[in-house]
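A.B. asks: The structure's right below; bear with me while I get my questions together.
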Amino acid sequence: MVIFLSTILFDAYIEMFYLMKTEWKKVRVPVLMITLLLTAVSCILTCTLDKSYRLWFRLDSWEIGTAFFALLFPLFVVIPVCWNLYYERKNNFLLYVLPRVRQRRYLTAKWLVYALSAFSILFIPLMLSAAAALYVNQPVLYENESFSHVLMETYTQTPLLYAFLLSMWKGMIGVLVMTLGFVLSMYVKNIFVILTGPFIYLILENFILSILQLPKYRLVTAFEPTSMADDAITAGSMIVGPVLLVIVIIVSALYLTRIKKASVAEG
């Protein structure tokens with residue numbers, strides 16, 4: 001019995017590995033291109049934009065050079081991957097694949113590849129630009145005894161660890177945002193809505209929570225905690241934004257499947 005179960009699990013693992021390898025081949029070109037482009041841009045901006053700023057620590061230039069991620073990251077993590085599932089549905093490719101592979105397993109393999117891609121698209125450029133800020137850039141540093149920052153001790157004493165932890169966190173938020181795009185690509189037939197939906201959600205969420213005077217709970221605050229005053233950053237302000245996004249993803253999936261009766265494999 002144990003041998004039988006082990007064989008089944010091994011076969012399932014091999015099939016999943018094969019499916020993920022196949023899915024990676026479909027999206028590797030745009031994923032690698034956007035990763036390389038963002039890496040180059042973020043490193044260049046990290047080493048040049050700080051010339052107009054007064055810096056106190058070397059990692060300050062990293063925060064300045066990568067500030068554009070906070071607004072545009074939904075586009076970065078959705079556009080390179082979610083187009084693929086849309087065109088597979090549009091071209092009826094899924095009608096050919098799903099009779100041969102279980103739908104749940106196929107979509108799980110696709111989501112895993114998309115998730116790893118979305119994480120890498122953010123994590124790699126952010127970490128390499130942090131390394132550029134710490135080991136390549138040579139800014140003029142000033143002394144300021146009143147300087148304050150989120151995770152102040154880590155930021156000043158072990159800046160590479162700070163950059164690693166924040167890049168990991170941003171990568172995970174990127175995966176959540178990509179998941180919203182993934183849900184839309186499974187059921188929506190408009191590619192504009194699929195590719196820009198998560199970005200529009202970020203804009204609307206920023207606007208609504210700002211109107212409600214709750215800006216510290218925005219997703220962008222969780223993504224970039226330095227966008228708020230240090231005393232406004234709490235565990236809640238880091239978690240509420242991602243939790244709201246998870247709720248939106250679940251509600252969107254339920255609405256599209258239960259109310260609109262949309263199907264993944266429909267032509």
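Simple scheme: letters A, B, ... for chains in structure tokens order, numbers from 1 for residues in each chain, numbers from 1 for ligands in the order shown.
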Taking 3 positions as the minimum chain separation for residues in the same chain, which residues sit within 12 Å of Leu59 of chain A when counting only C-alpha atoms? Answer as a ChimeraX atom specification.

C.D. replies: /A:46-47,50,55-56,62-66,126-127,129-139,141,149,152,154-164

A.B. asks: Among segment 138-247 of chain A, which residues does DSSP mark as helix (DSSP H, G or I) when it is run on the backbone? Keep the chain and numbering as in the structure and answer as a short mmCIF file (atom, residue, chain, number, x, y, z; two decimals) with C-alpha atoms, in the first residue's frame.

C.D. replies:
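The file below, selection.cif, is the result:
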data_model
loop_
_atom_site.label_atom_id
_atom_site.label_comp_id
_atom_site.auth_asym_id
_atom_site.auth_seq_id
_atom_site.Cartn_x
_atom_site.Cartn_y
_atom_site.Cartn_z
CA MET A 152 15.61 51.63 11.90
CA GLU A 153 18.22 49.33 13.44
CA THR A 154 18.09 46.81 10.59
CA TYR A 155 18.11 49.60 7.99
CA THR A 156 21.22 51.22 9.43
CA GLN A 157 23.17 48.26 10.84
CA PRO A 159 21.10 47.21 5.22
CA LEU A 160 21.51 44.17 2.98
CA LEU A 161 19.27 42.14 5.29
CA TYR A 162 16.74 44.98 5.29
CA ALA A 163 16.76 45.05 1.47
CA PHE A 164 16.41 41.26 1.33
CA LEU A 165 13.44 41.15 3.72
CA LEU A 166 11.64 44.04 2.04
CA SER A 167 12.29 42.62 -1.44
CA MET A 168 10.91 39.25 -0.32
CA TRP A 169 7.81 40.95 1.07
CA LYS A 170 7.30 42.99 -2.09
CA GLY A 171 7.72 39.84 -4.18
CA MET A 172 4.98 38.10 -2.19
CA ILE A 173 2.64 41.07 -2.63
CA GLY A 174 3.44 40.88 -6.33
CA VAL A 175 2.29 37.26 -6.33
CA LEU A 176 -1.02 38.29 -4.75
CA VAL A 177 -1.54 41.01 -7.35
CA MET A 178 -0.69 38.57 -10.14
CA THR A 179 -3.26 36.15 -8.70
CA LEU A 180 -5.98 38.75 -9.23
CA GLY A 181 -4.87 39.02 -12.85
CA PHE A 182 -4.80 35.23 -13.08
CA VAL A 183 -8.42 34.97 -11.86
CA LEU A 184 -9.48 37.59 -14.41
CA SER A 185 -7.62 35.78 -17.19
CA MET A 186 -9.48 32.55 -16.36
CA TYR A 187 -12.93 34.05 -16.81
CA ILE A 191 -7.54 41.41 -22.41
CA PHE A 192 -7.47 45.11 -21.44
CA VAL A 193 -9.45 44.31 -18.28
CA ILE A 194 -7.20 41.34 -17.53
CA LEU A 195 -3.88 43.17 -17.88
CA THR A 196 -4.89 46.48 -16.30
CA GLY A 197 -7.49 45.26 -13.78
CA PRO A 198 -5.01 44.83 -10.88
CA PHE A 199 -3.48 48.26 -11.64
CA ILE A 200 -6.93 49.88 -11.67
CA TYR A 201 -7.72 48.10 -8.40
CA LEU A 202 -4.60 49.65 -6.84
CA ILE A 203 -5.63 53.12 -8.01
CA LEU A 204 -9.21 52.74 -6.76
CA GLU A 205 -8.09 51.28 -3.43
CA ASN A 206 -5.70 54.20 -2.94
CA PHE A 207 -8.45 56.69 -3.75
CA ILE A 208 -11.15 55.09 -1.58
CA LEU A 209 -8.97 54.56 1.50
CA SER A 210 -7.58 58.08 1.18
CA ILE A 211 -11.13 59.47 1.06
CA PRO A 215 -4.24 55.70 3.87
CA LYS A 216 -2.07 53.56 6.15
CA TYR A 217 -4.13 50.50 5.16
CA LEU A 219 -1.78 48.05 -0.44
CA VAL A 220 0.88 50.50 -1.59
CA THR A 221 1.66 51.22 2.07
CA ALA A 222 2.30 47.52 2.66
CA PHE A 223 4.40 47.41 -0.51
CA PRO A 225 6.13 51.31 4.06
CA THR A 226 8.34 54.38 3.72
CA SER A 227 5.49 56.08 1.85
CA ASP A 230 7.13 55.94 10.59
CA ASP A 231 4.65 56.25 13.46
CA ALA A 232 1.80 55.27 11.10
CA ALA A 235 1.53 45.32 11.80
CA GLY A 236 -2.03 46.12 10.84
CA SER A 237 -1.02 48.63 8.16
CA MET A 238 1.25 45.98 6.61
CA ILE A 239 -1.39 43.24 6.64
CA VAL A 240 -4.73 44.94 5.93
CA GLY A 241 -3.89 45.84 2.32
CA PRO A 242 -2.91 42.27 1.32
CA VAL A 243 -5.92 40.85 3.21
CA LEU A 244 -8.28 43.20 1.35
CA LEU A 245 -6.73 42.06 -1.92
CA VAL A 246 -7.26 38.40 -0.99
CA ILE A 247 -10.92 39.19 -0.26
#

A.B. asks: Can you tell me how far atom CA of Arg105 of chain A sits from atom CA of Ser120 of chain A, in Å to one decimal?

C.D. replies: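 Pair atom CA of Arg105 of chain A / atom CA of Ser120 of chain A returns 22.6 Å.
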
A.B. asks: Name the residues in contact with Trp24 of chain A at a cut-off of 7 Å, using only C-alpha atoms, excluding same-chain residues fewer than 4 positions from it; report them as an mmCIF file with C-alpha atoms, in the first residue's frame.

C.D. replies:
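Once written, out.cif looks like this:
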data_model
loop_
_atom_site.group_PDB
_atom_site.id
_atom_site.type_symbol
_atom_site.label_atom_id
_atom_site.label_comp_id
_atom_site.auth_asym_id
_atom_site.auth_seq_id
_atom_site.Cartn_x
_atom_site.Cartn_y
_atom_site.Cartn_z
ATOM 1 C CA MET A 20 5.515 23.656 -15.050
ATOM 2 C CA ARG A 28 10.047 32.865 -20.262
ATOM 3 C CA VAL A 113 4.936 29.307 -12.865
#

A.B. asks: Could you tell me how far atom CA of Pro30 of chain A sits from atom CA of Pro80 of chain A, in Å to one decimal place?

C.D. replies: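 Computing it gives 5.3 Å between the two atoms.
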
A.B. asks: Rounded to one decimal place, report the atom CA of Val31 of chain A-atom CA of Ser117 of chain A distance in Å.

C.D. replies: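 We find that atom CA of Val31 of chain A and atom CA of Ser117 of chain A lie 6.5 Å from each other.
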
A.B. asks: For each of A:Trp111, A:Phe69, A:Tyr53, A:Phe76, take the minimum atom-to-atom distance to Leu19 of chain A, counting only C-alpha atoms, then give the residue where this is smallest.

C.D. replies: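 Using only C-alpha atoms, Leu19 of chain A sits closest to A:Trp111.
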